[in-house]
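To keep things clear, I will list the structure first and then write my remarks on it.
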Amino acid sequence: MKLETISLEEFTSDVVETSEVQELTQTELVAHTRIETLEELLESDLIATSVKEEITRLKMDGAVGQVDMAKRAVEMFNLVDQLRMTLEESDAETLRQVQSVVSHALALLREMGIHEVDVYGQYVDEEFMELLGTIPIEEAAEGLQTYQVGFVYRRAFSFEGTGKVIQDALVKTVS
């Protein structure tokens, strides 16, 4: 097998004019610029989306934290209220002092945007009440009718602005 030798003069090529090269280069540059702009736009949309997602997550964490804080505050109040219920049989002065503490605790909860949902004398509402049982009409306070709440074991609380229930009331109704 013999290799043939060719010279540079024998090799023919099409000559590309300079204006065509410049035009091609400008087109590539414009296309490249458009691609970069599109990439930047997509990247900025991705950044904006991730920022929005992070803000939403932080808001949710804050809301969860707020609910947890409210539940703890209400639990502390429950302890004071249980003490009041236990001491109702005590002397008048001790009961007055405990009722003063309960009133002060309720005021602090209101300052936090948590308010008591008044359930005594109301008809049962499953949105914020749990029925524990009944009390005979003879033992109920005067003016209460059958199916109205006659005894509250635990108070109901909700957020003032939204009305979202933090804690259900535990109640007995008149039978």
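All residue names refer to the structure tokens as shown: chains lettered A, B, ... in order, residues numbered from 1 in each chain, ligands numbered from 1 in order.
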
Nearby residues (only C-alpha atoms) at most 12 Å from Leu106 in chain A, same-chain spacing under 6 positions excluded, as a PyMOL selection string: chain A and resi 73-74+76-78+80-81+99-100+112-117+155-157

What does the file look like for those residues with C-alpha atoms, as a short mmCIF file (atom, residue, chain, number, x, y, z; two decimals), in the first residue's frame?
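Final output, part.cif:
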data_model
loop_
_atom_site.label_atom_id
_atom_site.label_comp_id
_atom_site.auth_asym_id
_atom_site.auth_seq_id
_atom_site.Cartn_x
_atom_site.Cartn_y
_atom_site.Cartn_z
CA ALA A 73 -50.05 29.69 78.75
CA VAL A 74 -53.50 28.11 78.90
CA MET A 76 -50.53 27.28 83.30
CA PHE A 77 -53.90 28.95 83.74
CA ASN A 78 -55.55 25.52 84.11
CA VAL A 80 -54.43 28.03 88.81
CA ASP A 81 -58.07 27.35 87.93
CA GLN A 99 -60.14 34.25 92.59
CA SER A 100 -57.99 37.38 92.41
CA MET A 112 -51.47 37.85 74.82
CA GLY A 113 -54.48 37.81 72.46
CA ILE A 114 -56.03 34.75 74.10
CA HIS A 115 -59.57 35.02 75.38
CA GLU A 116 -61.88 32.76 77.30
CA VAL A 117 -64.86 31.42 75.40
CA ARG A 155 -62.53 26.61 80.39
CA ALA A 156 -62.32 27.03 76.60
CA PHE A 157 -59.81 29.46 75.09
#

Find the residues near Val119 in chain A: any atom within 9 Å, counting only C-alpha atoms, skip ones fewer than 4 places away on the same chain, and give them as a list in words. Tyr123, Val124, Asp125, Phe128, Met129, Val149, Val152, Arg155, Ala156, Ala169 and Val171 of chain A

Could you turn the residues from that selection into a file that holds C-alpha atoms, as a PDB file, in the first residue's frame?
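Output (part-v3.pdb):
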ATOM      1  CA  TYR A 123     -75.937  24.948  74.688  1.00  0.00           C
ATOM      2  CA  VAL A 124     -73.196  22.452  73.821  1.00  0.00           C
ATOM      3  CA  ASP A 125     -71.141  23.415  70.785  1.00  0.00           C
ATOM      4  CA  PHE A 128     -65.073  24.126  71.464  1.00  0.00           C
ATOM      5  CA  MET A 129     -66.786  21.962  74.121  1.00  0.00           C
ATOM      6  CA  VAL A 149     -73.978  23.923  80.352  1.00  0.00           C
ATOM      7  CA  VAL A 152     -67.502  23.862  83.639  1.00  0.00           C
ATOM      8  CA  ARG A 155     -62.533  26.612  80.392  1.00  0.00           C
ATOM      9  CA  ALA A 156     -62.317  27.029  76.605  1.00  0.00           C
ATOM     10  CA  ALA A 169     -64.026  23.363  77.487  1.00  0.00           C
ATOM     11  CA  VAL A 171     -68.517  20.630  80.617  1.00  0.00           C
TER      12      VAL A 171
END

Let me make sure I understand: among A:Tyr120, A:Thr134, A:Val174, A:Gln167, which one has the smallest atom-to-atom distance to Tyr147 in chain A if we use only C-alpha atoms? A:Val174

Alpha helix (DSSP H) residues, from DSSP on the backbone, in range 47-150 of chain A, as number ranges by chain: A: 47-87, 92-111

Please produce a file of the residues just selected, as a PDB file, in the first residue's frame, where the atoms kept are C-alpha atoms.
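Produced file out.pdb, reproduced below:
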ATOM      1  CA  ILE A  47     -34.381  32.354  43.684  1.00  0.00           C
ATOM      2  CA  ALA A  48     -37.693  34.174  44.071  1.00  0.00           C
ATOM      3  CA  THR A  49     -39.527  30.867  44.415  1.00  0.00           C
ATOM      4  CA  SER A  50     -37.090  29.577  47.011  1.00  0.00           C
ATOM      5  CA  VAL A  51     -37.318  32.876  48.931  1.00  0.00           C
ATOM      6  CA  LYS A  52     -41.128  32.674  48.877  1.00  0.00           C
ATOM      7  CA  GLU A  53     -40.978  29.066  50.090  1.00  0.00           C
ATOM      8  CA  GLU A  54     -38.612  30.051  52.899  1.00  0.00           C
ATOM      9  CA  ILE A  55     -40.872  32.941  53.956  1.00  0.00           C
ATOM     10  CA  THR A  56     -43.872  30.594  53.991  1.00  0.00           C
ATOM     11  CA  ARG A  57     -41.929  28.072  56.068  1.00  0.00           C
ATOM     12  CA  LEU A  58     -40.886  30.757  58.552  1.00  0.00           C
ATOM     13  CA  LYS A  59     -44.472  32.002  58.812  1.00  0.00           C
ATOM     14  CA  MET A  60     -45.669  28.455  59.472  1.00  0.00           C
ATOM     15  CA  ASP A  61     -42.937  27.943  62.076  1.00  0.00           C
ATOM     16  CA  GLY A  62     -43.971  31.214  63.704  1.00  0.00           C
ATOM     17  CA  ALA A  63     -47.636  30.225  63.701  1.00  0.00           C
ATOM     18  CA  VAL A  64     -46.811  26.847  65.173  1.00  0.00           C
ATOM     19  CA  GLY A  65     -44.643  28.551  67.791  1.00  0.00           C
ATOM     20  CA  GLN A  66     -47.444  30.960  68.614  1.00  0.00           C
ATOM     21  CA  VAL A  67     -49.942  28.116  69.042  1.00  0.00           C
ATOM     22  CA  ASP A  68     -47.490  26.171  71.232  1.00  0.00           C
ATOM     23  CA  MET A  69     -46.890  29.253  73.373  1.00  0.00           C
ATOM     24  CA  ALA A  70     -50.644  29.837  73.718  1.00  0.00           C
ATOM     25  CA  LYS A  71     -51.242  26.222  74.718  1.00  0.00           C
ATOM     26  CA  ARG A  72     -48.557  26.456  77.409  1.00  0.00           C
ATOM     27  CA  ALA A  73     -50.047  29.687  78.745  1.00  0.00           C
ATOM     28  CA  VAL A  74     -53.500  28.109  78.899  1.00  0.00           C
ATOM     29  CA  GLU A  75     -52.069  25.023  80.638  1.00  0.00           C
ATOM     30  CA  MET A  76     -50.528  27.278  83.301  1.00  0.00           C
ATOM     31  CA  PHE A  77     -53.899  28.952  83.736  1.00  0.00           C
ATOM     32  CA  ASN A  78     -55.546  25.524  84.108  1.00  0.00           C
ATOM     33  CA  LEU A  79     -53.321  24.811  87.104  1.00  0.00           C
ATOM     34  CA  VAL A  80     -54.429  28.026  88.808  1.00  0.00           C
ATOM     35  CA  ASP A  81     -58.067  27.351  87.933  1.00  0.00           C
ATOM     36  CA  GLN A  82     -57.867  23.804  89.330  1.00  0.00           C
ATOM     37  CA  LEU A  83     -56.473  25.265  92.531  1.00  0.00           C
ATOM     38  CA  ARG A  84     -59.466  27.618  92.676  1.00  0.00           C
ATOM     39  CA  MET A  85     -61.893  24.724  92.214  1.00  0.00           C
ATOM     40  CA  THR A  86     -60.144  22.722  94.930  1.00  0.00           C
ATOM     41  CA  LEU A  87     -60.238  25.634  97.367  1.00  0.00           C
ATOM     42  CA  ALA A  92     -63.912  33.060 102.167  1.00  0.00           C
ATOM     43  CA  GLU A  93     -60.597  34.950 102.405  1.00  0.00           C
ATOM     44  CA  THR A  94     -58.555  32.165 100.786  1.00  0.00           C
ATOM     45  CA  LEU A  95     -61.149  31.788  98.042  1.00  0.00           C
ATOM     46  CA  ARG A  96     -61.132  35.560  97.405  1.00  0.00           C
ATOM     47  CA  GLN A  97     -57.334  35.552  97.060  1.00  0.00           C
ATOM     48  CA  VAL A  98     -57.362  32.619  94.643  1.00  0.00           C
ATOM     49  CA  GLN A  99     -60.137  34.247  92.586  1.00  0.00           C
ATOM     50  CA  SER A 100     -57.990  37.381  92.415  1.00  0.00           C
ATOM     51  CA  VAL A 101     -55.087  35.311  91.034  1.00  0.00           C
ATOM     52  CA  VAL A 102     -57.432  33.701  88.474  1.00  0.00           C
ATOM     53  CA  SER A 103     -58.707  37.140  87.372  1.00  0.00           C
ATOM     54  CA  HIS A 104     -55.136  38.396  86.998  1.00  0.00           C
ATOM     55  CA  ALA A 105     -54.169  35.283  84.983  1.00  0.00           C
ATOM     56  CA  LEU A 106     -57.164  35.821  82.665  1.00  0.00           C
ATOM     57  CA  ALA A 107     -56.088  39.446  82.149  1.00  0.00           C
ATOM     58  CA  LEU A 108     -52.571  38.313  81.215  1.00  0.00           C
ATOM     59  CA  LEU A 109     -53.991  35.838  78.699  1.00  0.00           C
ATOM     60  CA  ARG A 110     -56.128  38.610  77.145  1.00  0.00           C
ATOM     61  CA  GLU A 111     -52.983  40.751  76.777  1.00  0.00           C
TER      62      GLU A 111
END

Among the residues of range 59-139 of chain A, find those DSSP assigns to strand (DSSP E or B) from the backbone and print them as a ChimeraX atom specification. /A:114-117,123,129-135

Nearest to Lys172 in chain A: which of A:Gly143, A:Ser90, A:Phe159, A:Ile137 is it, counting only C-alpha atoms?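 Under the stated criterion, the closest residue is A:Ile137.
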
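CA of Asp91 in chain A to CA of Ala140 in chain A spans 22.9 Å [interatomic distance, one decimal].
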